[in-house]
Structure formats: C-alpha cells, structure tokens
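Read through the structure below, which is laid out as structure tokens, and then see the notes.
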Amino acid sequence: MSIKIALAGNPNCGKTTMFNDLTGSNQFVGNWPGVTVEKKEGRLKGHKDVTITDLPGIYSLSPYTLEEVVTRNYLVGEHPDVILDLVDGSNIERNLYLTTQLTEMGIPVVIALNMMDVVRKNGDRIDVQKLSAALGCPVVETAAVKGEGSMKAAQTALQLAQSGRRTEPQHTFCDRVEQALTEIEEAASGKIPAENRRWYAVKLFERDEKVLAQIALSPVESMQIEKAIAACEQEMDDDSESIITNERYNYIAKLVKNCVHKKHSGLSTSDKIDQIVTNRWLALPIFAVVMFFVYYISVTTIGDIVTGFTNDTLFGEWISPAVENFLVSINTADWLVGLVVEGIVGGVGAVLGFVPQMLVLFLLLCILEDCGYMARIAFIMDRIFRRFGLSGKSFIPMLIGSGCGVPGIMASRTIEQDRDRKMTIMTTTFIPCGAKMPIVALIAGALFGGAWWVAPSAYFIGVAAVIISGIILKKTKMFAGDPAPFVMELPAYHLPTVVNVLRGTWERGWSFIKKAGTVILLASIFVWFTSSFGFVDGSFGMVEDMDASILAAIGSAIAPVFAPLGFGNWQSTVATVLGLVAKEEVVGVFGTLYAVAGDALELVEAGDFGALGNIAQHFTALSAYSFLVFNLLCAPCFAAIGAIKREMNNAKWTWFAIGYQTIFAYTVSLMIYQFGLLFSGHGFGLGTGVAVVFLICYVWLLFRKGYKEDGHLKAVVPAAVKAQ
Amino acid sequence: MKTLKTAKCGETVVVQKLDGEGALRRRIMDMGITKGTSIYVRKVAPLGDPVEITVRGYELSIRKGDAENILVE
C-alpha cells in the first residue's frame, strides 16, 4: 500500500532539514501546478512506497497568499494519508496556530516537536503528554539538525496512517462561536463533506472567498449562514475572520501556559548577536562588509577564476578542440563541425561557463539564508527599496547583477513576495554587468577619447532605469492588486548545516542548467546558422564573410528601425543581435565587420584605441552613446534570458520582461539621440517630436496616480458581495 | 489613541484593536498580533523603518505604515 505523507509547518521551523533527513537523495524538485511555488517530493528512506511531499512553509491557511492556497488545495484535493506537522518547540505559540488549522482538515496529524535541542539548552520544559492529549494527536520530540527523532516521527506518522484513525480537532472556541459554527454546519450539511465538516464550517464562518466559490450554496443556505455569522459578529463586536484568529490564539495561549514551562533567563545568544548585527549604528557598516565579501568572493576572486577556467580552459582549450578534432577525424561535413563546435559547444559553453561562479554565489547565499542574516538584510534595506516596488532583499540580486546578471537573477529566489520578485527579475539586468564593460570601454575609448565619465554614467543610467521602471511598474495593474503587508519574521540566528547549504546550492545550479539550457541551445543554433549561412552568387551555402550571411540580410532589413536612435546601419544591428549570445561579443563583431586589424576585444582590454579608428568613423559621439545605452538596457544575453525564464517559470512573464526591457531601451536611446541632436543645433524634426511624445509619456507614467486604491477595495468587496 | 507606530523603543504595549481590512489585517493577526497580546518594541531599523518587535516569544519586523493599524495601550 502506498502512503502519502505531507510535511507541513511554519517557515524557519527546520522543515527542509527534516525533509532532507527523511528522504536522503531521493528527491524530485518541481513546481506546484501553474504557480512559481517550488514543490519537493521524495521517498522515505527504506520505504519505497512512502512518498513525502514538502509543503511550502506557511503561517496560516488563509486564502490570501499563493503558498497558503497551494497548501490548502493540496490538503483538501489530494487527501494525503497523514500530515507530519513540524512545530518549532522554541517558538511554540505561533507554530501551534497552524496546527489548530491542520487538525480541522479531517486528515490524521502527527506533530514533530522540533528544535528540542534549543528548548533544552534554554532550560525550558515542554510536557509532551499533555500537549498530545490536548491536541488529539501523537507528538514526537525531534531535533532535525542533529538527526534526532526524525525517523521516529515518520514511523509514528506511518502507523497512524495505516490505523486509519482520523484526527478530530480537540480545541474549542468560546460558546458563542461554537453555537454559530453548529448553525453553519446544519445549514450547509448537504454541501460539505462529513470528514472535514469542521474545516468547512470555520471557513464559511470566515467568509473565505475560495471556499465560497467552491461550494455552491443555495440562496436559502447562504442567507441562513450569513444570519448566523452576522449575529455572532454583532455580539462579539468584531468581524468573523478576526474572531476565529483571536479564538485560536486564546486557546493556544491557555494550552501553552499549561504545557510549557519557560525558564526565565536573560538574553539568548541569538538576541546578543542581533543586538550588534542590526544595531542602529553598526548595522549598515556590518551590512557593507558582508556584501563586500559576498561580491568579492563570488564575482572578483573565486568566481572570476572559476568562470575564466571553464570558459577559456575547459571549453576553449579542452572541449572545443577535442570535439573538433574528433569530428574532423571521422570526416564530418564542415558545416556540421561548425554547428557543433561553434554553435552548440561555443554557445552552450558560454552559458555553462557561468555555472561554477553561480555555485559559489549560491553557496554564500544559502549560508546567509540558513543562518538567518538574509531576513535582516530585508529589515535593513527595506526603507530604500520599497519606494520602487522592490524588496529589501532586492539589494543582493542588484549587487550580484553588477558582476553578472545570470546569478543576479537567480539570487532573486530569496524574495518571498511574488510581485517584488518579478519586479526584481525584470530590473536586475539594467545594472551593467561585467560583460557590458568592454562595450562601455570601446565607446569611451574610441569615441570619447577615454573620457572618465562614460563608465560612471553607464552605472548611473542602470540605477536610474531600475528606479524609473520600479515606479512605473508599481503603478500598473499587474503589479498593484492587494497591498502586500511587510510583516516578516526575523528568525533566530543559528549555524547553517552543511547538508542544507550544499543541497540548496546544487539544486539552484542544476535547475538553471536544465531550464536555461534549452533556451540557450536553440538560440545559439539559430544565431550560428544565420551568421554562417547566406547567399553567395545566387546559391545558398556557408559563407566566409559575415557580410553575406542571412544575419547581415536580416540586419539590413531591421536597421532602419534603429535610424531614429542614430545607428541605423546593419553592422550595429548585427552586433546588437550577436550581443545576445554574450554582451562582449558586440565588440568582437564590430572588430570583424569594420575590418579592425587584430582582435577588437583584446585591443579594448589593452587600451589600444588608436587601432579602433575604423569603428569610430561610423559613429558620432552622440550616436555611439545612444548605441551604448541601447545595448546596456535592452534584452540581456541568452544566459540571462534563460535565467529569467527559469525564475519567472512562465512564458508570458518572460516575454513581458524582455519586451519591456527592449522597449524601455529603445525609447530611452531615442530620447537621448533626438534631444542630443536638438541641443547640438540640428533643429526640431519629426524625430524630436516623437522624443517629446515619449518624454511626456514617461512623465505621465511616473507621476500618475497608481492603481493602488482600487486594488485595496478589491480585496474586501467580493467577500461581502458573495455573502449577501 | 496610541498606535504601535508611535510606541517607543524598549516599551511594552498591549494591543487594543486592529484597524485595516482584508489580507493586511489577516496577515498581522496570523502572525500572532491579536487583541490583548503584549508587544515589546525592540528596535528601529537603521534607516528609521521598519521596526522590530517581540510578540508571543519571537521576533517580527513590521513597517511603520502597517504598525499604524495596530492600536495599543
């Protein structure tokens, strides 16, 4: 008989550790249907027929957050055989709040009272027998970090599931509420399943939108129920949702008083650490030091070394030549060698080259998250970032993004709020990454005589783009909706566990390789094909010069689109398109197309701008700057697009992000070029008029009243309307 | 009436009433801030917002804008 165990609990209660402990390496990571919430499943060690589902970490079963709705739907719809509810013994009051909701669902519940090592260390005592009797379910003491009791908890859950005994909720609310619940149960008796009658009665009492939509009540039933709720609300002078929450906590407070004996001691170690780390004066300096190390290790030193190694040595010197030699030795056609070596290995290799660096970064992020500092970062930076619709945690993706956008986008994973995360993903690549620096250096060197201000201005434009986009997007309908409260737990500090950190690091790296790989493979093949094939003398075939390639033809066709931006020649267009493979390619492609003697990228790096005169001839200072801005802001490289796709987990949002970035880049470059022309005395033309229109649009988008007010009402109205 | 927003660091206050509605109110209550709960105001973030409080034995951070909905005594 196969058994499904659902692992439920609050965030930060040690659920991931327990899950790893119980399943070992038998894990499958996926997503819950239709949403970006991660779903993990695994097999219980030594039990092939027992599946454990790791539910999202949640505080409650309200209908308001994605994670909570996913969990509810799973518990109601999929009927797991038993719920293993993890309760943090050192934070028992709030943790039991979820437990009171889980025991109402008509599914057997076993409580794993976790973090007992911390409880004992603090000198507190918990009367497990009393707790078990009061909650009506078995309670097993565990310390998942030390591997204590996890298996026993799982065994207890298995036994309970096999015995077929359902957990009956033991907690009761005050008489007035119980009376209303009984009335509701009677009124809706035909519509709600008997085994979780209590759950439905409570949800109907709360006027839960999701449940009301699910059960079609007749007008008579609705009226009876509404009457019962309204009477209770009037007597207790509160709304029904609050009444239930209050009653739950009142019950728990009494229970905890009976079962938990706290030894009153001074500040805990965690409190002492926190006093320093988030101290009013020390918090920012400490934060700066931590961020410096994260950046220094993942981007400047170790990150750079491993990326350099994988790109230049592993792929450049070992794999590519080896594959080429092999293919040539078995007489493969030239075009196929080209496809495999330049197209597939070259393209995918350019992307996989980022993986080691990403692993280094993820390792650091996992440590920060696991030890509890990540929540403090949000606490420290929230004030600045929330003005632009971002989260305090957006700081890390942006910082990392200045090194490389790919790990930057992936770092957005630590942001819980869906909206803040999407906004961060969309704006992170505006920050100029390391690969865009050669473009900046080329333009600055070849056209501005190495002027000092070009590079800082690139960063300034990047940051401005983030802020402007944040403000504009925050006011749109898709980002408005219900106001997301920032009520965040600051978990106690603790030492990260090696298994958790390594597993977390690997999972993120692997998911990037898998998801990003497909996009990048296809895109690389497409770009390779269009740049190496074309029509020469009327016949189709591989071409020597890129001038004759399909890409050049496409470039010529698209080029006029960029004329209002000042660079309507096909070379710039081709360079921009190839920049999608890797941004530094733009420089190399210019070198090839404008017949620069030598490797343009190396010339730029060596600061030898005299040899790049050929490129300078095709631009004015203004058109070059406009080209620079467009390339800084437009769609990022394929690797980053792959990362966006992975994190958005949704084709529509991915396209929206890329489309938005490109349109933003186009309009900003157009304004720069056209206003530049105007102010350098070229008169007012059609282009200037278009630029003025864009400017007015942006000012309007920035200063219009947001969608917020409506969104706020929306959260309340349907419940009231449906109840009538 | 006094709100959590105006409460000073180091002060312990008791929740009297919760304003606001829908998701926001529910979320605040789900986290354990209900009528009669005592809240200890630990500290303010370095940039002046949000604040860190101790409620039901654990640490919670809440924006001043949201704390305004919590009437205390």
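Chain labels A, B, ... are given in the sequence in which chains occur in the structure tokens; within each chain residues are numbered consecutively from 1, and ligands are likewise numbered from 1 in the order shown.
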(message) Residues of chain B within 12 Å of chain A, counting only C-alpha atoms - could you list those as a VMD selection string?
(response) chain B and resid 9 15 17 to 37 42 to 67 69
For those residues, write N, CA and C atoms to a file as a short mmCIF file (atom, residue, chain, number, x, y, z; two decimals), in the first residue's frame.
```
data_model
loop_
_atom_site.label_atom_id
_atom_site.label_comp_id
_atom_site.auth_asym_id
_atom_site.auth_seq_id
_atom_site.Cartn_x
_atom_site.Cartn_y
_atom_site.Cartn_z
N CYS B 9 10.97 52.66 21.49
CA CYS B 9 11.83 51.51 21.69
C CYS B 9 11.93 51.18 23.18
N VAL B 15 -2.09 45.21 22.76
CA VAL B 15 -2.94 45.50 21.61
C VAL B 15 -4.38 45.69 22.06
N LYS B 17 -6.87 47.09 19.61
CA LYS B 17 -7.78 46.98 18.48
C LYS B 17 -6.94 46.96 17.20
N LEU B 18 -7.47 46.34 16.17
CA LEU B 18 -6.77 46.32 14.89
C LEU B 18 -7.62 47.01 13.84
N ASP B 19 -7.03 48.00 13.17
CA ASP B 19 -7.72 48.63 12.04
C ASP B 19 -7.30 47.93 10.77
N GLY B 20 -7.76 48.47 9.64
CA GLY B 20 -7.39 47.87 8.36
C GLY B 20 -8.29 46.70 8.07
N GLU B 21 -8.16 46.17 6.85
CA GLU B 21 -9.06 45.09 6.49
C GLU B 21 -8.42 44.10 5.53
N GLY B 22 -9.12 43.04 5.26
CA GLY B 22 -8.71 42.05 4.26
C GLY B 22 -7.39 41.39 4.57
N ALA B 23 -6.58 41.24 3.51
CA ALA B 23 -5.34 40.48 3.59
C ALA B 23 -4.39 41.05 4.64
N LEU B 24 -4.27 42.36 4.67
CA LEU B 24 -3.33 43.01 5.58
C LEU B 24 -3.65 42.68 7.03
N ARG B 25 -4.91 42.88 7.40
CA ARG B 25 -5.34 42.64 8.77
C ARG B 25 -5.17 41.16 9.14
N ARG B 26 -5.57 40.29 8.21
CA ARG B 26 -5.47 38.86 8.46
C ARG B 26 -4.02 38.44 8.68
N ARG B 27 -3.14 39.00 7.84
CA ARG B 27 -1.73 38.64 7.94
C ARG B 27 -1.16 39.06 9.30
N ILE B 28 -1.49 40.26 9.72
CA ILE B 28 -0.99 40.74 11.01
C ILE B 28 -1.49 39.84 12.14
N MET B 29 -2.77 39.44 12.06
CA MET B 29 -3.33 38.59 13.10
C MET B 29 -2.74 37.18 13.05
N ASP B 30 -2.56 36.66 11.82
CA ASP B 30 -1.97 35.33 11.66
C ASP B 30 -0.61 35.25 12.34
N MET B 31 0.11 36.37 12.32
CA MET B 31 1.44 36.37 12.92
C MET B 31 1.37 36.47 14.44
N GLY B 32 0.18 36.53 14.98
CA GLY B 32 0.04 36.47 16.44
C GLY B 32 -0.27 37.79 17.11
N ILE B 33 -0.48 38.84 16.30
CA ILE B 33 -0.83 40.14 16.91
C ILE B 33 -2.35 40.21 16.99
N THR B 34 -2.89 39.80 18.14
CA THR B 34 -4.33 39.84 18.31
C THR B 34 -4.67 40.66 19.55
N LYS B 35 -5.94 40.91 19.73
CA LYS B 35 -6.40 41.72 20.86
C LYS B 35 -5.83 41.16 22.17
N GLY B 36 -5.26 42.03 22.98
CA GLY B 36 -4.76 41.60 24.29
C GLY B 36 -3.32 41.09 24.28
N THR B 37 -2.73 40.95 23.10
CA THR B 37 -1.34 40.47 23.03
C THR B 37 -0.40 41.58 23.51
N ARG B 42 11.39 46.35 20.19
CA ARG B 42 12.83 46.11 20.37
C ARG B 42 13.68 47.22 19.79
N LYS B 43 13.53 47.45 18.50
CA LYS B 43 14.37 48.46 17.88
C LYS B 43 13.80 48.94 16.56
N VAL B 44 14.38 50.03 16.08
CA VAL B 44 14.01 50.58 14.79
C VAL B 44 15.16 50.29 13.83
N ALA B 45 14.85 49.99 12.55
CA ALA B 45 15.91 49.71 11.57
C ALA B 45 16.80 50.94 11.41
N PRO B 46 18.03 50.74 10.97
CA PRO B 46 18.99 51.85 10.88
C PRO B 46 18.47 53.03 10.06
N LEU B 47 17.62 52.76 9.07
CA LEU B 47 17.13 53.85 8.24
C LEU B 47 15.78 54.39 8.74
N GLY B 48 15.38 53.97 9.94
CA GLY B 48 14.19 54.55 10.55
C GLY B 48 12.90 53.77 10.36
N ASP B 49 12.92 52.77 9.53
CA ASP B 49 11.74 51.96 9.25
C ASP B 49 12.26 50.66 8.66
N PRO B 50 11.72 49.53 8.87
CA PRO B 50 10.62 49.16 9.78
C PRO B 50 11.09 49.06 11.24
N VAL B 51 10.19 48.57 12.10
CA VAL B 51 10.55 48.36 13.49
C VAL B 51 10.59 46.86 13.78
N GLU B 52 11.39 46.49 14.81
CA GLU B 52 11.45 45.09 15.22
C GLU B 52 10.74 44.95 16.55
N ILE B 53 9.82 43.99 16.63
CA ILE B 53 9.08 43.80 17.87
C ILE B 53 9.18 42.34 18.33
N THR B 54 8.95 42.14 19.60
CA THR B 54 8.86 40.77 20.12
C THR B 54 7.40 40.51 20.44
N VAL B 55 6.85 39.46 19.84
CA VAL B 55 5.47 39.11 20.10
C VAL B 55 5.37 37.60 20.24
N ARG B 56 4.66 37.13 21.25
CA ARG B 56 4.50 35.71 21.51
C ARG B 56 5.84 34.97 21.48
N GLY B 57 6.87 35.61 21.98
CA GLY B 57 8.15 34.94 22.13
C GLY B 57 9.03 34.87 20.89
N TYR B 58 8.68 35.58 19.84
CA TYR B 58 9.59 35.59 18.69
C TYR B 58 9.70 36.99 18.11
N GLU B 59 10.68 37.15 17.19
CA GLU B 59 10.98 38.46 16.63
C GLU B 59 10.24 38.68 15.32
N LEU B 60 9.65 39.85 15.17
CA LEU B 60 8.88 40.17 13.97
C LEU B 60 9.25 41.57 13.53
N SER B 61 9.37 41.78 12.21
CA SER B 61 9.58 43.15 11.76
C SER B 61 8.33 43.62 11.04
N ILE B 62 7.97 44.85 11.25
CA ILE B 62 6.74 45.39 10.68
C ILE B 62 6.98 46.84 10.28
N ARG B 63 6.44 47.23 9.12
CA ARG B 63 6.62 48.60 8.65
C ARG B 63 5.79 49.55 9.50
N LYS B 64 6.30 50.76 9.65
CA LYS B 64 5.55 51.74 10.45
C LYS B 64 4.17 51.98 9.85
N GLY B 65 4.11 51.98 8.50
CA GLY B 65 2.82 52.19 7.84
C GLY B 65 1.80 51.14 8.24
N ASP B 66 2.24 49.90 8.43
CA ASP B 66 1.33 48.84 8.84
C ASP B 66 1.09 48.88 10.35
N ALA B 67 2.13 49.32 11.09
CA ALA B 67 2.02 49.39 12.55
C ALA B 67 0.98 50.42 12.98
N ASN B 69 -1.89 50.61 11.98
CA ASN B 69 -3.21 49.97 12.10
C ASN B 69 -3.40 49.26 13.43
#
```
(message) What's around Leu4 (chain B) at 7 Å? Count only C-alpha atoms, leave out sequence neighbours fewer than 6 positions away in its own chain, and write the answer as a PyMOL selection string.
(response) chain B and resi 67-68+70-72
(message) Just list as a count of residues only whatever in region 145-372 of chain A DSSP marks as helix (DSSP H, G or I).
(response) 173
(request) Can you work out the spacing between CA of Leu352 (chain A) and CA of Thr310 (chain A) in Å, to one decimal? (result)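 Answer for the CA of Leu352 (chain A) to CA of Thr310 (chain A) separation: 7.9 Å.
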(request) Write out as a list in words the residues lying within 8 Å of region 620-623 of chain A, counting only C-alpha atoms and excluding same-chain residues fewer than 4 positions away. (result) Leu447, Phe448, Leu565, Gly566, Phe567, Ala616, Phe627, Tyr673, Gly676 and Leu677 of chain A
Taking the DSSP secondary structure from the backbone, can you list the residues of chain B that are strand (DSSP E or B), as a CSV table (one decimal) with C-alpha atoms, in the first residue's frame?
```
chain,number,residue,atom,x,y,z
B,3,THR,CA,-0.7,53.1,17.8
B,12,THR,CA,5.9,47.1,26.1
B,13,VAL,CA,2.4,47.7,24.9
B,14,VAL,CA,-0.8,45.8,24.8
B,15,VAL,CA,-2.9,45.5,21.6
B,16,GLN,CA,-6.4,47.1,22.0
B,17,LYS,CA,-7.8,47.0,18.5
B,18,LEU,CA,-6.8,46.3,14.9
B,38,SER,CA,1.6,42.3,24.6
B,39,ILE,CA,4.2,43.6,22.3
B,40,TYR,CA,7.7,44.6,23.2
B,41,VAL,CA,9.2,47.2,20.8
B,42,ARG,CA,12.8,46.1,20.4
B,43,LYS,CA,14.4,48.5,17.9
B,44,VAL,CA,14.0,50.6,14.8
B,51,VAL,CA,10.5,48.4,13.5
B,52,GLU,CA,11.5,45.1,15.2
B,53,ILE,CA,9.1,43.8,17.9
B,54,THR,CA,8.9,40.8,20.1
B,55,VAL,CA,5.5,39.1,20.1
B,58,TYR,CA,9.6,35.6,18.7
B,59,GLU,CA,11.0,38.5,16.6
B,60,LEU,CA,8.9,40.2,14.0
B,61,SER,CA,9.6,43.2,11.8
B,62,ILE,CA,6.7,45.4,10.7
B,70,ILE,CA,-2.4,48.5,15.5
B,71,LEU,CA,-4.0,50.4,18.3
B,72,VAL,CA,-2.2,49.9,21.6
```
(request) Using CA of Glu585 (chain A) and CA of Lys436 (chain A) as the two end points, give the distance in Å to one decimal. (result) 9.4 Å
(message) If I take CA of Ile396 (chain A) and CA of Met291 (chain A), how far is one from the other in Å, to one decimal?
(response) 7.9 Å
(request) With a distance cut-off of 9 Å and only C-alpha atoms, select the neighbouring residues of Gly149 (chain A), excluding the residue or stretch itself and same-chain residues fewer than 4 positions from it, and output the selection as an MDAnalysis selection string. (result) chainID A and resid 112 114 140:144 153:154
Please, could you write that set of residues out with N, CA and C atoms as a tab-separated table (two decimals), in the first residue's frame?
```tsv
chain	number	residue	atom	x	y	z
A	112	ALA	N	5.63	16.77	14.96
A	112	ALA	CA	7.05	16.61	15.27
A	112	ALA	C	7.46	17.88	16.00
A	114	ASN	N	9.90	20.04	17.00
A	114	ASN	CA	11.29	20.17	16.56
A	114	ASN	C	12.07	21.19	17.40
A	140	VAL	N	5.90	13.81	18.72
A	140	VAL	CA	7.22	13.19	18.80
A	140	VAL	C	8.25	14.29	18.93
A	141	GLU	N	9.15	14.16	19.91
A	141	GLU	CA	10.20	15.17	20.07
A	141	GLU	C	11.31	14.93	19.05
A	142	THR	N	11.73	16.00	18.37
A	142	THR	CA	12.80	15.86	17.38
A	142	THR	C	13.81	17.01	17.50
A	143	ALA	N	14.99	16.76	16.93
A	143	ALA	CA	15.98	17.82	16.73
A	143	ALA	C	16.59	17.52	15.37
A	144	ALA	N	15.90	18.00	14.32
A	144	ALA	CA	16.26	17.61	12.95
A	144	ALA	C	17.70	17.94	12.61
A	153	ALA	N	9.46	10.12	14.10
A	153	ALA	CA	8.28	10.90	13.73
A	153	ALA	C	7.63	10.32	12.48
A	154	ALA	N	8.47	9.96	11.51
A	154	ALA	CA	7.95	9.40	10.26
A	154	ALA	C	7.27	8.05	10.52
```
(message) With only C-alpha atoms as the counted atoms, please give the residues lying no more than 9 Å from region 636-644 of chain A, apart from itself and same-chain residues fewer than 4 positions off, as a PyMOL selection string.
(response) chain A and resi 348+350-352+354+404-410+425-426+429-430+512+515-520+523-524+578-583+631-632+648-649+653-654+657-658+661
(message) From the options A:Glu544, A:Lys210, A:Ala201, A:Tyr625, which residue's atoms come nearest to Leu181 (chain A), counting only C-alpha atoms?
(response)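 Selected residue with least distance to Leu181 (chain A): A:Ala201.
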(message) Need to verify the contact set: Phe28 (chain A), 9 Å, only C-alpha atoms, exclusion of same-chain residues closer than 2 positions in sequence. Can you return it as an MDAnalysis selection string?
(response) chainID A and resid 26 30 39:42
Expected file contents, prior selection, C-alpha atoms, as a tab-separated table (two decimals), in the first residue's frame:
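Output (selection_0.tsv):
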```
chain	number	residue	atom	x	y	z
A	26	ASN	CA	15.55	10.51	-3.26
A	30	GLY	CA	9.28	20.70	-9.43
A	39	LYS	CA	7.25	21.61	-4.95
A	40	LYS	CA	9.53	18.98	-3.50
A	41	GLU	CA	8.75	15.31	-3.18
A	42	GLY	CA	10.82	12.39	-2.03
```
